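J.: Before we start, here is the structure in question, set down as C-alpha coordinates.
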Amino acid sequence: MKKLLFTFCVAAVMPVAASAQSSYEAIDSTSTSEQPAQNSISLDELTSLTPEDKAYVDSFNIQLQKAGDEINTISAQWDAEKAKRGYPKKKTVKAKAAAVDAYVALLRQQLSDIRLNRFVDKDKVQSKIDYWEDYRVKLNKLM
(Lines give C-alpha, C1' and ligand atoms only; values in the text may rest on other atoms or scores of the structure.)
Protein backbone atom coordinates (compact mmCIF):
# COMPACT_ATOMS: atom_id res chain seq x y z
CA MET A 1 0.00 0.00 0.00
CA LYS A 2 2.83 2.38 0.90
CA LYS A 3 4.58 1.62 -2.40
CA LEU A 4 1.44 2.47 -4.32
CA LEU A 5 1.02 5.76 -2.43
CA PHE A 6 4.70 6.63 -2.99
CA THR A 7 4.43 5.88 -6.72
CA PHE A 8 1.31 8.04 -6.97
CA CYS A 9 3.04 10.96 -5.21
CA VAL A 10 6.11 10.70 -7.44
CA ALA A 11 3.91 10.62 -10.55
CA ALA A 12 2.03 13.70 -9.36
CA VAL A 13 5.24 15.64 -8.65
CA MET A 14 7.03 14.74 -11.92
CA PRO A 15 5.39 17.43 -14.10
CA VAL A 16 6.18 20.06 -11.48
CA ALA A 17 9.81 18.95 -11.24
CA ALA A 18 10.19 18.91 -15.00
CA SER A 19 8.76 22.40 -15.38
CA ALA A 20 10.96 23.69 -12.58
CA GLN A 21 14.07 22.48 -14.38
CA SER A 22 13.08 23.85 -17.74
CA SER A 23 12.10 27.33 -16.61
CA TYR A 24 13.99 30.18 -18.19
CA GLU A 25 14.62 33.49 -16.53
CA ALA A 26 16.27 36.30 -18.42
CA ILE A 27 19.13 37.83 -16.50
CA ASP A 28 19.34 41.58 -16.70
CA SER A 29 22.87 42.67 -17.57
CA THR A 30 22.35 45.97 -15.77
CA SER A 31 21.71 44.33 -12.43
CA THR A 32 22.99 45.83 -9.21
CA SER A 33 25.57 43.11 -8.57
CA GLU A 34 29.08 44.42 -8.91
CA GLN A 35 31.32 43.10 -11.63
CA PRO A 36 34.87 42.28 -10.54
CA ALA A 37 37.37 44.93 -11.54
CA GLN A 38 39.48 43.93 -14.51
CA ASN A 39 43.09 44.94 -14.74
CA SER A 40 43.17 46.07 -18.32
CA ILE A 41 46.34 47.46 -19.81
CA SER A 42 46.08 49.83 -22.68
CA LEU A 43 48.58 49.82 -25.49
CA ASP A 44 49.58 53.36 -24.58
CA GLU A 45 50.55 52.24 -21.06
CA LEU A 46 52.68 49.44 -22.40
CA THR A 47 54.47 51.64 -24.88
CA SER A 48 54.90 54.47 -22.37
CA LEU A 49 57.35 52.43 -20.28
CA THR A 50 60.82 53.83 -20.37
CA PRO A 51 63.63 51.52 -21.45
CA GLU A 52 64.89 51.52 -17.86
CA ASP A 53 61.49 50.40 -16.57
CA LYS A 54 61.26 47.70 -19.23
CA ALA A 55 64.71 46.43 -18.31
CA TYR A 56 63.80 46.49 -14.61
CA VAL A 57 60.59 44.54 -15.19
CA ASP A 58 62.37 42.05 -17.45
CA SER A 59 65.17 41.47 -14.94
CA PHE A 60 62.60 41.00 -12.17
CA ASN A 61 60.68 38.49 -14.27
CA ILE A 62 63.92 36.59 -14.91
CA GLN A 63 64.62 36.51 -11.15
CA LEU A 64 61.08 35.29 -10.47
CA GLN A 65 61.44 32.59 -13.12
CA LYS A 66 64.79 31.45 -11.68
CA ALA A 67 63.28 31.24 -8.18
CA GLY A 68 60.41 29.14 -9.52
CA ASP A 69 62.81 26.90 -11.43
CA GLU A 70 64.87 26.41 -8.28
CA ILE A 71 61.76 25.33 -6.36
CA ASN A 72 60.91 22.90 -9.18
CA THR A 73 64.45 21.48 -9.21
CA ILE A 74 64.40 20.92 -5.47
CA SER A 75 60.93 19.39 -5.75
CA ALA A 76 62.24 16.86 -8.28
CA GLN A 77 65.06 15.97 -5.90
CA TRP A 78 62.50 15.77 -3.07
CA ASP A 79 60.37 13.34 -5.08
CA ALA A 80 63.39 11.16 -5.91
CA GLU A 81 64.43 10.98 -2.26
CA LYS A 82 60.88 10.27 -1.16
CA ALA A 83 60.56 7.46 -3.69
CA LYS A 84 63.86 5.94 -2.59
CA ARG A 85 63.61 6.16 1.20
CA GLY A 86 60.05 7.30 1.94
CA TYR A 87 60.99 10.78 3.17
CA PRO A 88 63.21 13.63 1.96
CA LYS A 89 66.59 14.43 3.45
CA LYS A 90 66.81 17.26 5.96
CA LYS A 91 69.12 19.28 3.73
CA THR A 92 66.58 19.03 0.90
CA VAL A 93 63.84 20.33 3.17
CA LYS A 94 66.07 23.22 4.25
CA ALA A 95 66.97 24.01 0.64
CA LYS A 96 63.31 24.02 -0.36
CA ALA A 97 62.45 26.27 2.59
CA ALA A 98 65.16 28.73 1.52
CA ALA A 99 63.91 28.66 -2.08
CA VAL A 100 60.34 29.29 -0.94
CA ASP A 101 61.52 32.19 1.24
CA ALA A 102 63.31 33.74 -1.75
CA TYR A 103 60.22 33.31 -3.93
CA VAL A 104 57.94 34.90 -1.32
CA ALA A 105 60.38 37.82 -0.96
CA LEU A 106 60.21 38.39 -4.72
CA LEU A 107 56.41 38.27 -4.68
CA ARG A 108 56.33 40.81 -1.84
CA GLN A 109 58.67 43.03 -3.82
CA GLN A 110 56.33 42.74 -6.78
CA LEU A 111 53.42 43.93 -4.65
CA SER A 112 55.28 46.82 -3.08
CA ASP A 113 57.19 48.18 -6.09
CA ILE A 114 55.17 50.60 -8.20
CA ARG A 115 57.16 49.77 -11.33
CA LEU A 116 56.26 46.09 -11.00
CA ASN A 117 52.69 46.10 -9.72
CA ARG A 118 51.12 48.30 -12.38
CA PHE A 119 50.43 45.38 -14.68
CA VAL A 120 49.68 42.51 -12.27
CA ASP A 121 46.59 41.27 -10.52
CA LYS A 122 47.36 42.21 -6.92
CA ASP A 123 44.81 39.78 -5.49
CA LYS A 124 46.37 36.92 -7.42
CA VAL A 125 49.86 37.82 -6.21
CA GLN A 126 48.60 38.09 -2.63
CA SER A 127 46.96 34.67 -2.90
CA LYS A 128 50.28 33.24 -4.14
CA ILE A 129 52.04 34.80 -1.15
CA ASP A 130 49.46 33.29 1.21
CA TYR A 131 49.81 29.86 -0.42
CA TRP A 132 53.60 29.82 -0.22
CA GLU A 133 53.61 31.11 3.37
CA ASP A 134 51.29 28.26 4.34
CA TYR A 135 53.58 25.87 2.47
CA ARG A 136 56.56 27.29 4.38
CA VAL A 137 54.81 26.63 7.70
CA LYS A 138 54.32 23.00 6.63
CA LEU A 139 58.01 22.77 5.74
CA ASN A 140 58.88 24.04 9.23
CA LYS A 141 56.94 21.13 10.69
CA LEU A 142 59.10 18.69 8.73
CA MET A 143 62.34 20.13 10.09
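So you can find residues: chains in the C-alpha coordinates are A, B, ... in the order shown, residues in each start at 1, and ligands are numbered from 1 in order.
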Which neighbours of Lys96 (chain A) fall inside 9 Å, counting only C-alpha atoms, when residues of the same chain fewer than 2 positions from it are skipped, and could you give them as a list in words?

T.: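 Neighbouring residues, sequence-local ones excluded: Glu70, Ile71, Ile74, Ser75, Trp78, Lys91, Thr92, Val93, Lys94, Ala98, Ala99, Val100, Asp101, Arg136 and Leu139 of chain A.
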
J.: When distances are computed from only C-alpha atoms, which of A:Leu64, A:Leu106, A:Pro88, A:Ser112 shows the smallest separation from Ala76 (chain A)?

T.: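 Closest to Ala76 (chain A), using only C-alpha atoms: A:Pro88.
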
J.: Can you pull out the residues contacting Leu111 (chain A)? Cut-off 8 Å, using only C-alpha atoms, and skip same-chain residues under 6 positions away; I want them as number ranges by chain.

T.: A: 117, 122, 125-126

J.: For the residues selected in the previous step, produce a file with N, CA, C and O atoms as a CSV table (one decimal), in the first residue's frame.

T.:
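New file part.csv:
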chain,number,residue,atom,x,y,z
A,117,ASN,N,54.1,46.5,-10.0
A,117,ASN,CA,52.7,46.1,-9.7
A,117,ASN,C,51.7,46.8,-10.6
A,117,ASN,O,50.5,46.7,-10.3
A,122,LYS,N,46.8,42.2,-8.3
A,122,LYS,CA,47.4,42.2,-6.9
A,122,LYS,C,46.7,41.1,-6.0
A,122,LYS,O,47.4,40.6,-5.2
A,125,VAL,N,48.5,37.9,-6.8
A,125,VAL,CA,49.9,37.8,-6.2
A,125,VAL,C,49.7,37.6,-4.7
A,125,VAL,O,50.5,36.8,-4.1
A,126,GLN,N,48.8,38.3,-4.1
A,126,GLN,CA,48.6,38.1,-2.6
A,126,GLN,C,48.2,36.7,-2.3
A,126,GLN,O,48.6,36.1,-1.3

J.: Between CA of Asn72 (chain A) and CA of Lys89 (chain A), what is the distance, to one decimal in Å?

T.: 16.2 Å
